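Asker: Input entry.txt, format and content: compact mmCIF, C-alpha atoms.
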# COMPACT_ATOMS: atom_id res chain seq x y z
CA MET A 271 93.19 47.99 -56.61
CA SER A 272 94.53 51.57 -56.86
CA LEU A 273 91.30 52.73 -58.55
CA LEU A 274 89.36 51.34 -55.59
CA LEU A 275 91.69 53.12 -53.14
CA LEU A 276 91.46 56.35 -55.13
CA SER A 277 87.66 56.02 -55.07
CA LYS A 278 87.74 55.58 -51.27
CA THR A 279 89.86 58.72 -50.94
CA LEU A 280 87.54 60.77 -53.16
CA ILE A 281 84.38 59.48 -51.45
CA LEU A 282 85.82 60.25 -48.01
CA ALA A 283 86.92 63.69 -49.22
CA GLY A 284 83.49 64.31 -50.76
CA ILE A 285 81.66 63.38 -47.56
CA GLY A 286 83.95 65.55 -45.46
CA GLY A 287 83.69 68.42 -47.94
CA TYR A 288 79.91 68.22 -47.95
CA ILE A 289 79.78 68.25 -44.15
CA GLY A 290 82.15 71.23 -43.96
CA TRP A 291 80.11 73.09 -46.58
CA ARG A 292 76.79 72.33 -44.84
CA LEU A 293 78.19 73.49 -41.51
CA LYS A 294 79.13 76.78 -43.20
CA ILE A 295 82.74 76.51 -42.03
CA PRO A 296 84.98 79.03 -43.82
CA ALA A 297 86.45 77.19 -46.82
CA GLY A 298 84.26 74.37 -45.52
CA ALA A 299 84.45 72.08 -48.53
CA MET A 300 88.24 72.08 -48.44
CA VAL A 301 88.54 72.02 -44.66
CA GLY A 302 85.98 69.24 -44.33
CA SER A 303 87.58 67.08 -46.99
CA MET A 304 91.03 67.71 -45.51
CA PHE A 305 89.87 66.66 -42.03
CA ALA A 306 88.01 63.61 -43.35
CA VAL A 307 90.96 62.32 -45.37
CA ALA A 308 93.41 63.17 -42.56
CA ALA A 309 91.20 61.32 -40.07
CA GLY A 310 91.07 58.34 -42.42
CA SER A 311 94.85 58.37 -42.74
CA LEU A 312 95.36 58.68 -38.97
CA LEU A 313 92.92 55.81 -38.42
CA LYS A 314 95.00 53.72 -40.86
CA VAL A 315 92.24 53.50 -43.49
CA GLU A 316 93.92 52.40 -46.72
CA LEU A 317 93.50 55.30 -49.12
CA GLY A 318 94.84 55.87 -52.61
CA PRO A 319 96.89 58.83 -53.78
CA LEU A 320 95.46 61.30 -56.27
CA PRO A 321 96.98 61.31 -59.74
CA ALA A 322 99.88 63.74 -60.21
CA TYR A 323 97.88 65.84 -62.70
CA SER A 324 95.10 66.49 -60.15
CA LYS A 325 97.05 69.46 -58.69
CA THR A 326 97.18 71.08 -62.12
CA ILE A 327 93.44 70.61 -62.61
CA VAL A 328 92.72 72.16 -59.20
CA GLN A 329 95.02 75.11 -59.99
CA VAL A 330 93.25 75.75 -63.33
CA ILE A 331 89.82 75.66 -61.67
CA LEU A 332 91.00 77.90 -58.81
CA GLY A 333 92.49 80.35 -61.32
CA ALA A 334 89.18 80.46 -63.20
CA ILE A 335 87.25 81.09 -59.99
CA LEU A 336 89.57 83.93 -58.97
CA GLY A 337 89.56 85.42 -62.47
CA LEU A 338 85.78 85.36 -62.67
CA GLY A 339 85.63 87.18 -59.34
CA LEU A 340 86.92 90.30 -61.10
CA LYS A 341 84.14 90.47 -63.71
CA ASN A 342 82.26 93.31 -61.98
CA THR A 343 85.37 95.35 -61.18
CA ASN A 344 86.25 98.33 -63.34
CA LEU A 345 89.76 99.54 -64.15
CA ASP A 346 89.34 102.90 -62.37
CA LEU A 347 88.62 101.08 -59.11
CA LEU A 348 91.66 98.85 -59.63
CA LYS A 349 93.88 101.92 -60.25
CA SER A 350 92.65 103.60 -57.05
CA LEU A 351 93.53 100.48 -55.07
CA LEU A 352 97.17 100.24 -56.20
CA LEU A 353 98.70 102.39 -53.46
CA PRO A 354 96.68 100.90 -50.56
CA ALA A 355 97.38 97.42 -51.93
CA GLY A 356 101.10 98.18 -52.10
CA LEU A 357 101.10 99.34 -48.47
CA ILE A 358 99.19 96.25 -47.34
CA ILE A 359 101.51 93.97 -49.29
CA ALA A 360 104.66 95.60 -47.88
CA VAL A 361 103.52 95.43 -44.26
CA LEU A 362 102.15 91.89 -44.47
CA MET A 363 105.17 90.58 -46.37
CA ALA A 364 107.54 92.06 -43.79
CA ALA A 365 105.51 90.54 -40.94
CA GLY A 366 105.28 87.21 -42.77
CA PHE A 367 109.01 86.95 -43.45
CA LEU A 368 109.84 87.98 -39.88
CA THR A 369 107.48 85.28 -38.62
CA ALA A 370 109.01 82.76 -41.05
CA PHE A 371 112.47 83.60 -39.73
CA ILE A 372 111.24 82.98 -36.17
CA LEU A 373 109.58 79.68 -37.16
CA ASN A 374 112.79 78.59 -38.87
CA SER A 375 115.20 79.74 -36.16
CA PHE A 376 113.33 78.79 -33.00
CA PHE A 377 110.94 76.01 -34.03
CA GLY A 378 113.01 74.16 -36.64
CA PHE A 379 110.67 74.64 -39.62
CA ASP A 380 112.37 74.40 -42.98
CA MET A 381 112.41 77.88 -44.52
CA MET A 382 109.97 77.15 -47.37
CA THR A 383 107.38 75.67 -44.98
CA ALA A 384 107.92 78.58 -42.58
CA ILE A 385 107.38 81.13 -45.34
CA PHE A 386 104.16 79.58 -46.66
CA SER A 387 102.87 78.95 -43.13
CA SER A 388 103.31 82.57 -42.08
CA THR A 389 102.37 84.34 -45.29
CA PRO A 390 98.89 85.85 -45.09
CA GLY A 391 96.70 84.66 -47.92
CA GLY A 392 94.19 82.08 -48.94
CA MET A 393 94.64 78.74 -47.27
CA THR A 394 93.80 76.86 -50.44
CA GLU A 395 96.09 78.86 -52.67
CA LEU A 396 99.04 78.83 -50.28
CA SER A 397 98.71 75.09 -49.66
CA ILE A 398 98.77 74.40 -53.40
CA VAL A 399 101.76 76.67 -54.01
CA ALA A 400 103.53 75.17 -50.97
CA THR A 401 103.18 71.73 -52.55
CA GLU A 402 104.70 73.02 -55.78
CA MET A 403 107.63 74.53 -53.85
CA ASN A 404 108.31 71.27 -51.94
CA ALA A 405 107.25 72.73 -48.60
CA ASP A 406 105.45 70.58 -46.03
CA SER A 407 101.97 71.36 -47.36
CA PRO A 408 100.01 69.56 -44.59
CA VAL A 409 101.81 71.75 -42.01
CA VAL A 410 101.13 74.83 -44.15
CA ALA A 411 97.45 73.89 -44.49
CA ILE A 412 97.02 73.29 -40.76
CA LEU A 413 98.75 76.53 -39.74
CA GLN A 414 96.85 78.49 -42.39
CA LEU A 415 93.59 76.94 -41.14
CA ILE A 416 94.42 77.95 -37.56
CA ARG A 417 95.27 81.45 -38.78
CA LEU A 418 92.05 81.70 -40.81
CA MET A 419 89.83 80.47 -37.98
CA SER A 420 91.57 82.79 -35.51
CA VAL A 421 91.17 85.78 -37.81
CA ILE A 422 87.49 85.02 -38.33
CA ALA A 423 86.92 84.51 -34.61
CA LEU A 424 88.85 87.61 -33.54
CA VAL A 425 88.41 90.17 -36.31
CA VAL A 426 84.62 90.41 -36.12
CA PRO A 427 84.43 91.28 -32.41
CA ILE A 428 87.48 93.54 -32.58
CA ALA A 429 86.13 95.32 -35.68
CA LYS A 430 82.81 95.88 -33.90
CA LEU A 431 84.64 97.42 -30.93
CA ILE A 432 86.74 99.68 -33.14
CA ALA A 433 83.82 100.75 -35.36
CA ARG A 434 81.73 102.02 -32.43
Can I see the file as structure tokens?

Answerer:
Amino acid sequence: MSLLLLSKTLILAGIGGYIGWRLKIPAGAMVGSMFAVAAGSLLKVELGPLPAYSKTIVQVILGAILGLGLKNTNLDLLKSLLLPAGLIIAVLMAAGFLTAFILNSFFGFDMMTAIFSSTPGGMTELSIVATEMNADSPVVAILQLIRLMSVIALVVPIAKLIAR
């Protein structure tokens, strides 16, 4: 029975992921599968949990994808980016922890969920790490998705105005 339920979960996730990818939604495969499985859960469709080792497999694949993304980067370029990267990290980390403190103090988020929800970064990566740190990963994923969609919707027009 659990293999059947697991199959239903994966099929639903696959359909949602395909739709998200075809619609060219940012991180569409993940967003689509997340919405499809969440919709199934909310509609009380009986779904099966993924095996515990599936998170490890996803992390290994994600690590390979990120590592391969550096294949055309040379070391001189990486060295020249250290100072700007440090500045970006310091400013964003300060803003993220301040926001986490506000989420914790005024909205009742547990601190780990607040930190991963307000930390700028990749939605996929932060959701996976949030799970490992026992944060409320669905909340993290939803808030990161809202952040990502807002950034995409707002940065392009604002960047065009500033670049004129």

Asker: List the spatial neighbours of Val328 (chain A) as a list in words - criterion: any atom at most 12 Å away, only C-alpha atoms, same-chain residues fewer than 3 positions off excluded.

Answerer: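 Answer for this query is Met300, Leu320, Pro321, Ala322, Tyr323, Ser324, Lys325, Ile331, Leu332, Gly333, Ala334, Ile335, Thr394, Glu395, Ser397, Ile398 and Val399 of chain A.
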
Asker: Show which residues sit within 8 Å of Gly298 (chain A), as a ChimeraX atom specification. Count only C-alpha atoms, and ignore same-chain residues fewer than 6 positions away.

Answerer: /A:287-292

Asker: Between CA of Ala400 (chain A) and CA of Phe386 (chain A), what is the distance, to one decimal in Å?

Answerer: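 Between CA of Ala400 (chain A) and CA of Phe386 (chain A) the gap is 6.2 Å.
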
Asker: Would you be able to write out as a short mmCIF file (atom, residue, chain, number, x, y, z; two decimals) with C-alpha atoms, in the coordinates of the input which residues have an atom within 10 Å of (99.5, 93.5, -47.8) in the file's coordinates, counting all atoms listed in the file?

Answerer:
data_model
loop_
_atom_site.label_atom_id
_atom_site.label_comp_id
_atom_site.auth_asym_id
_atom_site.auth_seq_id
_atom_site.Cartn_x
_atom_site.Cartn_y
_atom_site.Cartn_z
CA PRO A 354 96.68 100.90 -50.56
CA ALA A 355 97.38 97.42 -51.93
CA GLY A 356 101.10 98.18 -52.10
CA LEU A 357 101.10 99.34 -48.47
CA ILE A 358 99.19 96.25 -47.34
CA ILE A 359 101.51 93.97 -49.29
CA ALA A 360 104.66 95.60 -47.88
CA VAL A 361 103.52 95.43 -44.26
CA LEU A 362 102.15 91.89 -44.47
CA MET A 363 105.17 90.58 -46.37
CA ALA A 364 107.54 92.06 -43.79
CA ALA A 365 105.51 90.54 -40.94
CA GLY A 366 105.28 87.21 -42.77
CA THR A 389 102.37 84.34 -45.29
CA PRO A 390 98.89 85.85 -45.09
CA GLY A 391 96.70 84.66 -47.92
#

Asker: Quick one: pull the distance between CA of Phe376 (chain A) and CA of Val409 (chain A), Å, one decimal.

Answerer: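 Computed distance, CA of Phe376 (chain A) to CA of Val409 (chain A), equals 16.2 Å.
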
Asker: With distances taken over all atoms listed in the file, which of A:Val301, A:Leu418, A:Ile412, A:Val307 is nearest to Gly392 (chain A)?

Answerer: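 Checking each of A:Val301, A:Leu418, A:Ile412, A:Val307 against Gly392 (chain A), counting all atoms listed in the file, the winner is A:Leu418.
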
Asker: Determine, counting all atoms listed in the file, which protein, DNA and RNA residues have an atom within 7 Å of an atom of Ile385 (chain A); residues of the same chain fewer than 2 positions away are not included. Present the result as a CSV table (one decimal) with C-alpha atoms, in the coordinates of the input.

Answerer:
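Listing of result31.csv after writing:
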chain,number,residue,atom,x,y,z
A,366,GLY,CA,105.3,87.2,-42.8
A,367,PHE,CA,109.0,87.0,-43.4
A,370,ALA,CA,109.0,82.8,-41.0
A,381,MET,CA,112.4,77.9,-44.5
A,382,MET,CA,110.0,77.2,-47.4
A,383,THR,CA,107.4,75.7,-45.0
A,387,SER,CA,102.9,79.0,-43.1
A,388,SER,CA,103.3,82.6,-42.1
A,389,THR,CA,102.4,84.3,-45.3

Asker: May I ask which of the residues A:Leu275, A:Leu431, A:Ile416, A:Val410 is the closest one to Phe379 (chain A), counting only C-alpha atoms?

Answerer: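 Looking only at the distances to Phe379 (chain A), the closest residue turns out to be A:Val410.
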
Asker: For Ser277 (chain A), which residue out of A:Ala306, A:Ile422, A:Leu317, A:Pro296 is the nearest one, using all atoms listed in the file?

Answerer: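 Among the listed residues, A:Leu317 lies closest to Ser277 (chain A).
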
Asker: When you draw a straight line from CA of Ala283 (chain A) to CA of Ala384 (chain A), how long is it in Å?

Answerer: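 CA of Ala384 (chain A) lies at a distance of 26.6 Å from CA of Ala283 (chain A).
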
Asker: So that all listed atoms of region 345-357 of chain A fit with 8 Å spare on each side, what axis-aligned box centre and edge lengths in Å, to one decimal, would you give as JSON?

Answerer:
{"center_x": 94.9, "center_y": 100.5, "center_z": -56.3, "size_x": 28.5, "size_y": 22.2, "size_z": 31.7}

Asker: I need the residue nearest Gly302 (chain A) from this list: A:Gly284, A:Gly318, A:Pro408, A:Gly378. Use all atoms listed in the file for the distance.

Answerer: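 Once distances to Gly302 (chain A) are computed over all atoms listed in the file, the minimum belongs to A:Gly284.
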
Asker: Could you write region 366-389 of chain A as a CSV table (one decimal), in the frame of the given file, with N, CA and C atoms rebuilt where they are missing?

Answerer:
chain,number,residue,atom,x,y,z
A,366,GLY,N,105.2,88.6,-42.4
A,366,GLY,CA,105.3,87.2,-42.8
A,366,GLY,C,106.7,86.7,-42.8
A,367,PHE,N,107.6,87.4,-43.4
A,367,PHE,CA,109.0,87.0,-43.4
A,367,PHE,C,109.7,87.0,-42.1
A,368,LEU,N,109.3,88.0,-41.3
A,368,LEU,CA,109.8,88.0,-39.9
A,368,LEU,C,109.3,86.8,-39.1
A,369,THR,N,108.0,86.5,-39.3
A,369,THR,CA,107.5,85.3,-38.6
A,369,THR,C,108.1,84.0,-39.2
A,370,ALA,N,108.4,83.9,-40.5
A,370,ALA,CA,109.0,82.8,-41.0
A,370,ALA,C,110.4,82.6,-40.5
A,371,PHE,N,111.1,83.7,-40.3
A,371,PHE,CA,112.5,83.6,-39.7
A,371,PHE,C,112.4,83.0,-38.3
A,372,ILE,N,111.4,83.5,-37.5
A,372,ILE,CA,111.2,83.0,-36.2
A,372,ILE,C,110.9,81.5,-36.2
A,373,LEU,N,110.0,81.1,-37.1
A,373,LEU,CA,109.6,79.7,-37.2
A,373,LEU,C,110.8,78.8,-37.5
A,374,ASN,N,111.6,79.3,-38.4
A,374,ASN,CA,112.8,78.6,-38.9
A,374,ASN,C,113.8,78.5,-37.8
A,375,SER,N,114.1,79.7,-37.1
A,375,SER,CA,115.2,79.7,-36.2
A,375,SER,C,114.9,79.1,-34.8
A,376,PHE,N,113.7,79.2,-34.3
A,376,PHE,CA,113.3,78.8,-33.0
A,376,PHE,C,112.5,77.5,-33.0
A,377,PHE,N,111.8,77.2,-34.1
A,377,PHE,CA,110.9,76.0,-34.0
A,377,PHE,C,111.4,74.9,-35.0
A,378,GLY,N,112.4,75.2,-35.8
A,378,GLY,CA,113.0,74.2,-36.6
A,378,GLY,C,112.3,73.9,-37.9
A,379,PHE,N,111.3,74.8,-38.3
A,379,PHE,CA,110.7,74.6,-39.6
A,379,PHE,C,111.7,74.8,-40.7
A,380,ASP,N,111.6,74.1,-41.8
A,380,ASP,CA,112.4,74.4,-43.0
A,380,ASP,C,111.9,75.7,-43.5
A,381,MET,N,112.7,76.5,-44.2
A,381,MET,CA,112.4,77.9,-44.5
A,381,MET,C,111.2,78.0,-45.5
A,382,MET,N,111.1,77.1,-46.4
A,382,MET,CA,110.0,77.2,-47.4
A,382,MET,C,108.6,76.9,-46.7
A,383,THR,N,108.6,75.9,-45.8
A,383,THR,CA,107.4,75.7,-45.0
A,383,THR,C,107.1,76.9,-44.1
A,384,ALA,N,108.1,77.4,-43.5
A,384,ALA,CA,107.9,78.6,-42.6
A,384,ALA,C,107.3,79.8,-43.3
A,385,ILE,N,107.9,80.0,-44.5
A,385,ILE,CA,107.4,81.1,-45.3
A,385,ILE,C,105.9,81.0,-45.7
A,386,PHE,N,105.6,79.8,-46.2
A,386,PHE,CA,104.2,79.6,-46.7
A,386,PHE,C,103.2,79.4,-45.5
A,387,SER,N,103.7,79.0,-44.3
A,387,SER,CA,102.9,79.0,-43.1
A,387,SER,C,102.6,80.3,-42.6
A,388,SER,N,103.5,81.3,-42.7
A,388,SER,CA,103.3,82.6,-42.1
A,388,SER,C,102.9,83.7,-43.0
A,389,THR,N,102.8,83.3,-44.3
A,389,THR,CA,102.4,84.3,-45.3
A,389,THR,C,100.8,84.5,-45.3
